[in-house]
$ cat run-v7.json   # JSON, C-alpha atoms and all ligand atoms
[["chain", "number", "residue", "atom", "x", "y", "z"],
["A", 327, "MET", "CA", -17.04, -66.92, -50.78],
["A", 328, "LEU", "CA", -18.35, -63.52, -51.82],
["A", 329, "ASP", "CA", -17.21, -61.10, -54.51],
["A", 330, "SER", "CA", -16.19, -58.19, -52.32],
["A", 331, "ALA", "CA", -15.58, -56.99, -48.76],
["A", 332, "GLU", "CA", -18.83, -54.98, -49.04],
["A", 333, "GLU", "CA", -20.77, -58.17, -49.73],
["A", 334, "VAL", "CA", -19.14, -59.85, -46.74],
["A", 335, "SER", "CA", -20.28, -56.93, -44.55],
["A", 336, "ARG", "CA", -23.81, -57.07, -45.96],
["A", 337, "ARG", "CA", -24.19, -60.83, -45.53],
["A", 338, "ALA", "CA", -22.67, -60.76, -42.03],
["A", 339, "ALA", "CA", -25.07, -57.98, -40.99],
["A", 340, "GLU", "CA", -28.02, -59.95, -42.43],
["A", 341, "LEU", "CA", -27.05, -63.02, -40.41],
["A", 342, "ILE", "CA", -26.70, -60.97, -37.22],
["A", 343, "ALA", "CA", -30.01, -59.18, -37.85],
["A", 344, "GLU", "CA", -31.75, -62.52, -38.51],
["A", 345, "THR", "CA", -30.46, -63.79, -35.16],
["A", 346, "VAL", "CA", -31.88, -60.71, -33.40],
["A", 347, "GLN", "CA", -35.20, -60.90, -35.29],
["A", 348, "ARG", "CA", -35.60, -64.57, -34.35],
["A", 349, "ASN", "CA", -34.70, -63.91, -30.71],
["A", 350, "PRO", "CA", -34.87, -60.24, -29.63],
["A", 351, "ASP", "CA", -33.35, -61.23, -26.25],
["A", 352, "CYS", "CA", -30.30, -62.85, -27.80],
["A", 353, "VAL", "CA", -26.69, -62.48, -26.68],
["A", 354, "LEU", "CA", -24.22, -61.34, -29.32],
["A", 355, "GLY", "CA", -20.45, -61.71, -29.10],
["A", 356, "LEU", "CA", -18.75, -58.79, -30.86],
["A", 357, "ALA", "CA", -15.32, -58.09, -32.34],
["A", 358, "THR", "CA", -13.37, -54.94, -33.11],
["A", 359, "GLY", "CA", -10.73, -54.13, -35.75],
["A", 360, "GLY", "CA", -10.97, -53.08, -39.36],
["A", 361, "THR", "CA", -12.91, -56.06, -40.69],
["A", 362, "PRO", "CA", -16.26, -55.67, -38.84],
["A", 363, "LEU", "CA", -16.55, -51.92, -39.52],
["A", 364, "GLY", "CA", -18.63, -52.47, -42.66],
["A", 365, "THR", "CA", -20.83, -54.99, -40.85],
["A", 366, "TYR", "CA", -21.55, -52.50, -38.07],
["A", 367, "GLY", "CA", -22.29, -49.84, -40.70],
["A", 368, "GLU", "CA", -24.84, -52.16, -42.31],
["A", 369, "LEU", "CA", -26.44, -52.96, -38.94],
["A", 370, "ILE", "CA", -26.79, -49.23, -38.22],
["A", 371, "ARG", "CA", -28.41, -48.75, -41.62],
["A", 372, "MET", "CA", -30.84, -51.64, -41.01],
["A", 373, "TYR", "CA", -31.70, -50.21, -37.57],
["A", 374, "ARG", "CA", -32.38, -46.74, -39.06],
["A", 375, "GLU", "CA", -34.62, -48.31, -41.69],
["A", 376, "GLY", "CA", -36.60, -50.02, -38.93],
["A", 377, "ALA", "CA", -35.58, -53.52, -40.02],
["A", 378, "VAL", "CA", -34.08, -54.48, -36.66],
["A", 379, "SER", "CA", -34.10, -53.35, -33.03],
["A", 380, "PHE", "CA", -31.40, -54.18, -30.48],
["A", 381, "SER", "CA", -33.30, -52.88, -27.44],
["A", 382, "ARG", "CA", -33.34, -56.26, -25.65],
["A", 383, "VAL", "CA", -30.02, -57.58, -26.95],
["A", 384, "THR", "CA", -27.02, -58.22, -24.67],
["A", 385, "THR", "CA", -23.49, -57.96, -26.07],
["A", 386, "PHE", "CA", -20.08, -59.17, -24.95],
["A", 387, "ASN", "CA", -16.90, -58.03, -26.67],
["A", 388, "LEU", "CA", -14.00, -60.38, -27.16],
["A", 389, "ASP", "CA", -11.14, -58.29, -25.90],
["A", 390, "GLU", "CA", -9.60, -55.02, -24.76],
["A", 391, "TYR", "CA", -6.11, -53.54, -24.54],
["A", 392, "VAL", "CA", -4.72, -53.48, -21.02],
["A", 393, "GLY", "CA", -3.85, -49.97, -19.87],
["A", 394, "LEU", "CA", -6.39, -48.10, -22.02],
["A", 395, "SER", "CA", -9.38, -46.46, -20.36],
["A", 396, "ALA", "CA", -12.88, -46.69, -21.82],
["A", 397, "ASP", "CA", -12.61, -43.13, -23.19],
["A", 398, "HIS", "CA", -9.20, -43.65, -24.82],
["A", 399, "PRO", "CA", -9.77, -43.27, -28.60],
["A", 400, "GLN", "CA", -7.88, -46.50, -29.32],
["A", 401, "SER", "CA", -9.63, -48.58, -26.67],
["A", 402, "TYR", "CA", -12.03, -51.20, -27.92],
["A", 403, "ARG", "CA", -14.78, -49.84, -25.66],
["A", 404, "TYR", "CA", -14.44, -46.46, -27.40],
["A", 405, "PHE", "CA", -14.35, -48.16, -30.82],
["A", 406, "MET", "CA", -17.62, -49.98, -30.09],
["A", 407, "GLY", "CA", -19.28, -46.76, -28.91],
["A", 408, "VAL", "CA", -18.29, -44.79, -31.98],
["A", 409, "ASN", "CA", -18.89, -47.55, -34.53],
["A", 410, "LEU", "CA", -22.04, -49.24, -33.20],
["A", 411, "PHE", "CA", -23.37, -48.64, -29.68],
["A", 412, "GLN", "CA", -24.09, -44.89, -30.07],
["A", 413, "HIS", "CA", -26.02, -45.39, -33.29],
["A", 414, "VAL", "CA", -28.50, -48.11, -32.37],
["A", 415, "ASP", "CA", -30.95, -48.75, -29.52],
["A", 416, "LEU", "CA", -28.70, -51.09, -27.52],
["A", 417, "ASP", "CA", -29.08, -50.66, -23.74],
["A", 418, "SER", "CA", -25.64, -49.55, -22.52],
["A", 419, "ASN", "CA", -26.12, -51.55, -19.30],
["A", 420, "ARG", "CA", -26.16, -54.68, -21.40],
["A", 421, "CYS", "CA", -23.09, -53.89, -23.55],
["A", 422, "HIS", "CA", -20.04, -55.53, -22.03],
["A", 423, "VAL", "CA", -16.47, -54.85, -23.10],
["A", 424, "PRO", "CA", -13.61, -56.20, -20.97],
["A", 425, "ASP", "CA", -12.08, -53.59, -18.66],
["A", 426, "GLY", "CA", -8.64, -52.38, -19.72],
["A", 427, "LEU", "CA", -7.95, -50.98, -16.26],
["A", 428, "ALA", "CA", -9.02, -53.77, -13.90],
["A", 429, "GLU", "CA", -6.94, -54.01, -10.74],
["A", 430, "ASP", "CA", -7.01, -57.75, -10.21],
["A", 431, "TYR", "CA", -7.26, -59.49, -13.57],
["A", 432, "ASP", "CA", -7.64, -63.02, -12.18],
["A", 433, "SER", "CA", -10.86, -62.15, -10.41],
["A", 434, "TYR", "CA", -11.95, -59.73, -13.14],
["A", 435, "CYS", "CA", -11.68, -62.42, -15.84],
["A", 436, "THR", "CA", -13.59, -64.90, -13.69],
["A", 437, "SER", "CA", -16.34, -62.32, -13.20],
["A", 438, "TYR", "CA", -16.51, -61.62, -16.98],
["A", 439, "GLU", "CA", -17.01, -65.34, -17.60],
["A", 440, "ASP", "CA", -19.60, -65.54, -14.80],
["A", 441, "LEU", "CA", -21.55, -62.66, -16.29],
["A", 442, "LEU", "CA", -21.45, -64.29, -19.70],
["A", 443, "ARG", "CA", -22.77, -67.55, -18.24],
["A", 444, "LYS", "CA", -25.51, -65.76, -16.26],
["A", 445, "SER", "CA", -26.61, -63.98, -19.43],
["A", 446, "GLY", "CA", -27.29, -67.38, -20.98],
["A", 447, "GLY", "CA", -24.16, -67.72, -23.13],
["A", 448, "ILE", "CA", -23.48, -66.30, -26.57],
["A", 449, "ASP", "CA", -25.98, -67.06, -29.32],
["A", 450, "LEU", "CA", -23.88, -65.66, -32.15],
["A", 451, "GLN", "CA", -20.20, -64.74, -31.90],
["A", 452, "LEU", "CA", -18.74, -62.47, -34.58],
["A", 453, "LEU", "CA", -15.00, -62.99, -35.18],
["A", 454, "GLY", "CA", -12.26, -61.54, -37.32],
["A", 455, "ILE", "CA", -8.92, -63.28, -37.75],
["A", 456, "GLY", "CA", -5.40, -61.97, -37.23],
["A", 457, "THR", "CA", -2.69, -62.47, -39.85],
["A", 458, "ASP", "CA", -1.12, -64.90, -37.35],
["A", 459, "GLY", "CA", -4.37, -66.89, -37.19],
["A", 460, "HIS", "CA", -5.56, -65.52, -33.84],
["A", 461, "ILE", "CA", -9.21, -65.18, -32.81],
["A", 462, "GLY", "CA", -9.83, -62.67, -30.06],
["A", 463, "PHE", "CA", -6.29, -62.03, -28.90],
["A", 464, "ASN", "CA", -5.54, -65.74, -28.59],
["A", 465, "GLU", "CA", -2.07, -65.60, -30.04],
["A", 466, "PRO", "CA", -0.17, -68.64, -31.37],
["A", 467, "GLY", "CA", 0.49, -71.08, -28.55],
["A", 468, "SER", "CA", -2.71, -70.22, -26.64],
["A", 469, "SER", "CA", -4.41, -73.21, -25.08],
["A", 470, "LEU", "CA", -7.37, -74.31, -27.17],
["A", 471, "GLY", "CA", -9.27, -74.73, -23.89],
["A", 472, "SER", "CA", -8.32, -71.27, -22.60],
["A", 473, "ARG", "CA", -10.77, -68.96, -20.81],
["A", 474, "THR", "CA", -10.84, -65.17, -20.46],
["A", 475, "ARG", "CA", -7.41, -64.02, -19.31],
["A", 476, "LEU", "CA", -4.49, -61.71, -19.98],
["A", 477, "LYS", "CA", -2.46, -62.39, -23.10],
["A", 478, "GLY", "CA", 0.77, -60.89, -24.41],
["A", 479, "LEU", "CA", 0.50, -59.74, -28.03],
["A", 480, "THR", "CA", 2.94, -61.03, -30.66],
["A", 481, "GLU", "CA", 5.18, -58.60, -32.49],
["A", 482, "GLN", "CA", 3.16, -59.37, -35.65],
["A", 483, "THR", "CA", -0.12, -58.32, -34.00],
["A", 484, "VAL", "CA", 1.51, -55.20, -32.55],
["A", 485, "ARG", "CA", 2.75, -54.32, -36.06],
["A", 486, "ASP", "CA", -0.65, -55.09, -37.65],
["A", 487, "ASN", "CA", -2.51, -52.92, -35.13],
["A", 488, "ALA", "CA", -0.03, -50.03, -35.19],
["A", 489, "ARG", "CA", -2.11, -48.55, -38.03],
["A", 490, "PHE", "CA", -4.72, -47.49, -35.48],
["A", 491, "PHE", "CA", -2.15, -45.65, -33.29],
["A", 492, "ASP", "CA", 0.13, -42.65, -33.88],
["A", 493, "SER", "CA", 3.21, -44.83, -33.47],
["A", 494, "ILE", "CA", 4.03, -48.49, -32.89],
["A", 495, "GLU", "CA", 5.40, -47.66, -29.43],
["A", 496, "GLN", "CA", 1.88, -46.67, -28.34],
["A", 497, "VAL", "CA", 0.37, -50.11, -29.09],
["A", 498, "PRO", "CA", -0.25, -51.90, -25.77],
["A", 499, "ARG", "CA", 1.63, -55.20, -25.48],
["A", 500, "LEU", "CA", -0.96, -56.83, -23.25],
["A", 501, "ALA", "CA", -4.66, -57.50, -23.73],
["A", 502, "VAL", "CA", -7.50, -59.16, -21.87],
["A", 503, "THR", "CA", -9.29, -61.62, -24.14],
["A", 504, "MET", "CA", -11.94, -64.31, -24.09],
["A", 505, "GLY", "CA", -10.21, -67.66, -24.41],
["A", 506, "VAL", "CA", -10.51, -70.12, -27.28],
["A", 507, "GLY", "CA", -12.56, -72.36, -24.97],
["A", 508, "THR", "CA", -14.86, -69.43, -24.17],
["A", 509, "ILE", "CA", -15.36, -68.67, -27.87],
["A", 510, "LEU", "CA", -16.06, -72.31, -28.74],
["A", 511, "GLU", "CA", -19.02, -72.29, -26.32],
["A", 512, "ALA", "CA", -20.94, -69.81, -28.50],
["A", 513, "ARG", "CA", -23.93, -71.54, -30.08],
["A", 514, "ARG", "CA", -23.07, -70.15, -33.48],
["A", 515, "ILE", "CA", -19.93, -68.49, -34.80],
["A", 516, "LEU", "CA", -19.57, -66.13, -37.73],
["A", 517, "LEU", "CA", -15.99, -65.45, -38.87],
["A", 518, "ILE", "CA", -15.38, -62.75, -41.46],
["A", 519, "ALA", "CA", -12.11, -62.15, -43.31],
["A", 520, "THR", "CA", -11.33, -59.83, -46.19],
["A", 521, "GLY", "CA", -8.21, -58.82, -48.10],
["A", 522, "SER", "CA", -5.16, -60.64, -49.42],
["A", 523, "ASN", "CA", -3.24, -60.18, -46.13],
["A", 524, "LYS", "CA", -5.63, -62.74, -44.56],
["A", 525, "ALA", "CA", -5.26, -65.40, -47.29],
["A", 526, "GLY", "CA", -2.49, -67.33, -45.47],
["A", 527, "ALA", "CA", -4.25, -67.39, -42.10],
["A", 528, "VAL", "CA", -7.54, -68.34, -43.81],
["A", 529, "ARG", "CA", -6.00, -71.29, -45.62],
["A", 530, "SER", "CA", -4.24, -72.49, -42.45],
["A", 531, "PHE", "CA", -7.26, -72.39, -40.20],
["A", 532, "ILE", "CA", -9.64, -74.00, -42.69],
["A", 533, "GLU", "CA", -7.42, -76.55, -44.40],
["A", 534, "GLY", "CA", -4.53, -77.01, -41.98],
["A", 535, "PRO", "CA", -4.38, -79.15, -38.85],
["A", 536, "ILE", "CA", -6.03, -78.08, -35.59],
["A", 537, "THR", "CA", -3.19, -76.45, -33.73],
["A", 538, "SER", "CA", -2.62, -73.93, -30.97],
["A", 539, "GLN", "CA", -0.22, -72.23, -33.40],
["A", 540, "ILE", "CA", -3.27, -71.05, -35.42],
["A", 541, "THR", "CA", -5.94, -70.63, -32.77],
["A", 542, "ALA", "CA", -8.72, -70.10, -35.34],
["A", 543, "SER", "CA", -8.17, -73.72, -36.42],
["A", 544, "ALA", "CA", -10.02, -74.75, -33.22],
["A", 545, "LEU", "CA", -13.19, -73.62, -35.05],
["A", 546, "GLN", "CA", -12.95, -76.87, -37.05],
["A", 547, "LEU", "CA", -14.30, -78.49, -33.88],
["A", 548, "HIS", "CA", -17.29, -76.15, -33.67],
["A", 549, "PRO", "CA", -20.54, -77.57, -35.10],
["A", 550, "ALA", "CA", -22.02, -74.27, -36.32],
["A", 551, "THR", "CA", -19.38, -71.94, -37.70],
["A", 552, "THR", "CA", -20.02, -69.85, -40.81],
["A", 553, "VAL", "CA", -17.03, -68.30, -42.59],
["A", 554, "LEU", "CA", -17.59, -65.36, -44.95],
["A", 555, "LEU", "CA", -14.65, -64.44, -47.18],
["A", 556, "ASP", "CA", -14.07, -62.06, -50.04],
["A", 557, "ARG", "CA", -12.17, -63.32, -53.09],
["A", 558, "ALA", "CA", -8.81, -62.04, -51.90],
["A", 559, "ALA", "CA", -9.03, -63.74, -48.49],
["A", 560, "ALA", "CA", -10.21, -66.99, -50.10],
["A", 561, "ASP", "CA", -7.50, -66.95, -52.76],
["A", 562, "TRP", "CA", -5.15, -69.53, -51.20],
["A", 563, "LEU", "CA", -7.80, -72.13, -50.38],
["A", 564, "GLN", "CA", -7.00, -75.35, -52.18],
["A", 565, "ARG", "CA", -10.53, -76.74, -52.22],
["A", 566, "LYS", "CA", -12.25, -73.48, -53.20],
["A", 567, "GLU", "CA", -14.29, -75.09, -56.01],
["A", 568, "TYR", "CA", -15.65, -77.72, -53.66],
["A", 569, "TYR", "CA", -16.69, -75.10, -51.07],
["A", 570, "GLN", "CA", -18.47, -73.13, -53.79],
["A", 571, "HIS", "CA", -20.24, -76.31, -54.92],
["A", 572, "VAL", "CA", -21.37, -76.90, -51.31],
["A", 573, "GLU", "CA", -22.60, -73.31, -51.10],
["A", 574, "ARG", "CA", -24.71, -73.83, -54.23],
["A", 575, "LEU", "CA", -26.17, -77.04, -52.80],
["A", 576, "GLN", "CA", -26.93, -75.22, -49.57],
["A", 577, "ARG", "CA", -28.77, -72.45, -51.44],
["A", 578, "GLU", "CA", -30.80, -75.06, -53.35],
["A", 579, "ILE", "CA", -31.80, -76.76, -50.11],
["A", 580, "GLU", "CA", -32.84, -73.42, -48.63],
["A", 581, "LEU", "CA", -34.84, -72.46, -51.71],
["A", 582, "ARG", "CA", -36.57, -75.83, -51.77],
["A", 583, "ALA", "CA", -37.43, -75.48, -48.07],
["A", 584, "ARG", "CA", -39.14, -72.15, -48.85],
["A", 585, "GLU", "CA", -41.19, -73.56, -51.74],
["A", 586, "PRO", "CA", -44.96, -73.64, -51.11],
["A", 587, "GLU", "CA", -46.50, -76.89, -49.95],
["A", 588, "ASN", "CA", -45.74, -79.20, -52.88],
["A", 589, "ALA", "CA", -44.78, -81.80, -50.37],
["A", 590, "SER", "CA", -47.90, -83.97, -50.39],
["A", 591, "SER", "CA", -46.34, -86.70, -52.50],
["A", 592, "PRO", "CA", -43.24, -88.41, -51.16],
["A", 593, "LYS", "CA", -41.41, -87.40, -54.36],
["A", 594, "GLY", "CA", -42.06, -83.72, -53.81],
["A", 595, "ARG", "CA", -41.35, -83.79, -50.10],
["A", 596, "ARG", "CA", -39.13, -80.95, -49.03],
["A", 597, "ARG", "CA", -35.73, -81.90, -47.79],
["A", 598, "LYS", "CA", -34.75, -79.91, -44.72],
["A", 599, "GLY", "CA", -31.28, -79.47, -43.35],
["A", 600, "SER", "CA", -27.97, -78.02, -44.34],
["A", 601, "THR", "CA", -24.71, -79.09, -45.87],
["A", 602, "GLN", "CA", -22.09, -78.94, -43.20],
["A", 603, "LYS", "CA", -18.41, -79.50, -42.81],
["B", 1, "LIG", "C1", -10.66, -57.83, -32.27],
["B", 1, "LIG", "C2", -10.14, -59.20, -32.33],
["B", 1, "LIG", "C3", -9.07, -59.58, -33.29],
["B", 1, "LIG", "C4", -9.34, -59.08, -34.72],
["B", 1, "LIG", "C5", -8.20, -59.48, -35.64],
["B", 1, "LIG", "C6", -8.38, -58.94, -37.03],
["B", 1, "LIG", "O1", -11.66, -57.71, -31.29],
["B", 1, "LIG", "O2", -10.57, -59.98, -31.57],
["B", 1, "LIG", "O3", -8.96, -60.98, -33.30],
["B", 1, "LIG", "O4", -10.53, -59.62, -35.17],
["B", 1, "LIG", "O5", -6.98, -59.01, -35.11],
["B", 1, "LIG", "O6", -8.32, -57.56, -37.00],
["B", 1, "LIG", "P1", -8.65, -56.68, -38.30],
["B", 1, "LIG", "O7", -10.10, -56.87, -38.56],
["B", 1, "LIG", "O8", -8.30, -55.27, -37.90],
["B", 1, "LIG", "O9", -7.79, -57.21, -39.39]]

$ encode --input "run-v7.json" --output "structure tokens" --more "lines below"
Ligand code: F6R
Amino acid sequence: MLDSAEEVSRRAAELIAETVQRNPDCVLGLATGGTPLGTYGELIRMYREGAVSFSRVTTFNLDEYVGLSADHPQSYRYFMGVNLFQHVDLDSNRCHVPDGLAEDYDSYCTSYEDLLRKSGGIDLQLLGIGTDGHIGFNEPGSSLGSRTRLKGLTEQTVRDNARFFDSIEQVPRLAVTMGVGTILEARRILLIATGSNKAGAVRSFIEGPITSQITASALQLHPATTVLLDRAAADWLQRKEYYQHVERLQREIELRAREPENASSPKGRRRKGSTQK
């Protein structure tokens, strides 16, 4: 848990940049929406300062509205261009956003999954969460084993996303989205959530049962998911104190692992590892 949305953005960008620095050829899974905007801003800043280069990185976006062309200002392809791709040294041939105008979605979705597999799979997947608990556009009731496919949006999601359009009537009702099963195959997942409107979904997916009614709850099955929350989004968590305690332990372990070689005696031996759910 972090103090503010700005801190969530900073920390998320640091984790993404660390992934790229460790493996310049990595594959990133990217999200759109209001939440990751600050993270992308931070990544652009780090790129401009010379702290990170994306020149060999491949990206796959989670989803796209059906019926919107790549140059439509509300399409997710356009969003990614304006908010990240145009400002860093990503190779546009390696930036993949699902096509909102595909003719045959069955074969298109299969080819998106094939491309993802051929690229080696996602090393780090960035996620937001919908107020109905969706990840990608996997709305309540989506199979937890689902793959990339078309999905009808719930009225709640249409209402939530109307803020990006001139009127609610303009919000597409259909999207193409990676499935929950596709997302769970990422080697590492980073979910960010900020603001009090996410507090209910956050509590449900972390502390509730695993259920297709809150598709983010499937992340409980993933062995390497990091969740970054601001205070407002974390507000309804019942075991908040315990999570903070675990975070402190984790930081201690990391600090100890960085200490200079005081490990010659068994007593001083550094303990490596992480505290995990
Ligand atoms: C977007 C996506 C969605 C959003 C979610 C939250 O690519 O996959 O799951 O992450 O709807 O959106 P914001 O961040 O606008 O609240």

$ atom_distance --input "run-v7.json" --atom1 "CA of Phe463 (chain A)" --atom2 "atom C2 of ligand LIG 1 (chain B)"
5.9 Å

$ closest_residue --input "run-v7.json" --among "A:Ser330, A:Ser395, A:Thr520, A:Asn419" --to "Pro498 (chain A)" --atoms "only C-alpha atoms"
A:Ser395

$ closest_residue --input "run-v7.json" --among "A:Asp425, A:Glu439, A:Asp417, A:Asp458" --to "ligand LIG 1 (chain B)" --atoms "all atoms listed in the file"
A:Asp458

$ closest_atom_pairs --input "run-v7.json" --of "chain A" --to "ligand LIG 1 (chain B)" --cutoff "6 Å" --atoms "all atoms listed in the file" --output "Markdown table"
| residue | atom | partner | partner_atom | distance |
| --- | --- | --- | --- | --- |
| A:Ala357 | CA | B:LIG1 | O1 | 3.8 |
| A:Thr358 | CA | B:LIG1 | O1 | 3.7 |
| A:Gly359 | CA | B:LIG1 | O8 | 3.4 |
| A:Gly360 | CA | B:LIG1 | O8 | 3.7 |
| A:Thr361 | CA | B:LIG1 | O7 | 3.6 |
| A:Leu388 | CA | B:LIG1 | O1 | 5.4 |
| A:Asp389 | CA | B:LIG1 | O1 | 5.4 |
| A:Leu453 | CA | B:LIG1 | O4 | 5.6 |
| A:Gly454 | CA | B:LIG1 | O4 | 3.4 |
| A:Ile455 | CA | B:LIG1 | C5 | 4.4 |
| A:Gly456 | CA | B:LIG1 | O5 | 4.0 |
| A:His460 | CA | B:LIG1 | O3 | 5.7 |
| A:Ile461 | CA | B:LIG1 | O3 | 4.2 |
| A:Gly462 | CA | B:LIG1 | O2 | 3.2 |
| A:Phe463 | CA | B:LIG1 | O3 | 5.3 |

$ atom_distance --input "run-v7.json" --atom1 "CA of Leu470 (chain A)" --atom2 "CA of Gln546 (chain A)"
11.6 Å

$ residues_near_point --input "run-v7.json" --point "(-4.9, -71.2, -48.3)" --cutoff "8 Å" --atoms "all atoms listed in the file" --output "list in words"
Ala525, Gly526, Ala527, Val528, Arg529, Ser530, Ile532, Glu533, Ala560, Asp561, Trp562, Leu563 and Gln564 of chain A

$ write_last_selection --input "run-v7.json" --atoms "C-alpha atoms" --output "CSV table (one decimal), in the coordinates of the input"
chain,number,residue,atom,x,y,z
A,525,ALA,CA,-5.3,-65.4,-47.3
A,526,GLY,CA,-2.5,-67.3,-45.5
A,527,ALA,CA,-4.2,-67.4,-42.1
A,528,VAL,CA,-7.5,-68.3,-43.8
A,529,ARG,CA,-6.0,-71.3,-45.6
A,530,SER,CA,-4.2,-72.5,-42.4
A,532,ILE,CA,-9.6,-74.0,-42.7
A,533,GLU,CA,-7.4,-76.6,-44.4
A,560,ALA,CA,-10.2,-67.0,-50.1
A,561,ASP,CA,-7.5,-67.0,-52.8
A,562,TRP,CA,-5.2,-69.5,-51.2
A,563,LEU,CA,-7.8,-72.1,-50.4
A,564,GLN,CA,-7.0,-75.4,-52.2

$ atom_distance --input "run-v7.json" --atom1 "CA of Val408 (chain A)" --atom2 "CA of Asp351 (chain A)"
23.0 Å

$ residues_around --input "run-v7.json" --residues "Glu333 (chain A)" --least-positions-apart "3" --cutoff "12 Å" --atoms "only C-alpha atoms" --output "ChimeraX atom specification"
/A:327-330,336-340,364-365,368,518-520,554-557

$ closest_residue --input "run-v7.json" --among "A:Leu575, A:Leu516, A:Val378, A:Met504" --to "Leu450 (chain A)" --atoms "only C-alpha atoms"
A:Leu516

$ closest_residue --input "run-v7.json" --among "A:Ile494, A:Cys435, A:Leu369, A:Val553" --to "Glu344 (chain A)" --atoms "all atoms listed in the file"
A:Leu369

$ residues_around --input "run-v7.json" --residues "Glu511 (chain A)" --least-positions-apart "2" --cutoff "12 Å" --atoms "all atoms listed in the file" --output "PyMOL selection string"
chain A and resi 355+439+442-443+446-451+470-473+504-509+513-515+544-545+547-551

$ closest_residue --input "run-v7.json" --among "A:His413, A:Arg485, A:Arg499, A:Arg348" --to "Leu394 (chain A)" --atoms "all atoms listed in the file"
A:Arg499

$ closest_residue --input "run-v7.json" --among "A:Ile579, A:Arg374, A:Thr483, A:Ala558" --to "Gly521 (chain A)" --atoms "only C-alpha atoms"
A:Ala558

$ residues_around --input "run-v7.json" --residues "Val346 (chain A)" --least-positions-apart "5" --cutoff "9 Å" --atoms "all atoms listed in the file" --output "mmCIF file with C-alpha atoms, keeping the file's coordinate frame"
data_model
loop_
_atom_site.group_PDB
_atom_site.id
_atom_site.type_symbol
_atom_site.label_atom_id
_atom_site.label_comp_id
_atom_site.auth_asym_id
_atom_site.auth_seq_id
_atom_site.Cartn_x
_atom_site.Cartn_y
_atom_site.Cartn_z
ATOM 1 C CA LEU A 341 -27.050 -63.020 -40.410
ATOM 2 C CA ASP A 351 -33.350 -61.230 -26.250
ATOM 3 C CA CYS A 352 -30.300 -62.850 -27.800
ATOM 4 C CA VAL A 353 -26.690 -62.480 -26.680
ATOM 5 C CA LEU A 354 -24.220 -61.340 -29.320
ATOM 6 C CA VAL A 378 -34.080 -54.480 -36.660
ATOM 7 C CA SER A 379 -34.100 -53.350 -33.030
ATOM 8 C CA PHE A 380 -31.400 -54.180 -30.480
ATOM 9 C CA VAL A 383 -30.020 -57.580 -26.950
#

$ residues_near_point --input "run-v7.json" --point "(-8.6, -52.3, -20.7)" --cutoff "8 Å" --atoms "only C-alpha atoms" --output "JSON, numbers by chain"
{"A": [390, 391, 392, 393, 394, 395, 396, 401, 424, 425, 426, 427, 428, 501, 502]}

$ axis_aligned_box --input "run-v7.json" --around "region 343-362 of chain A" --padding-each-side "6 Å" --output "lines of an AutoDock Vina configuration file"
center_x = -23.2
center_y = -58.8
center_z = -33.5
size_x = 36.9
size_y = 23.5
size_z = 26.4
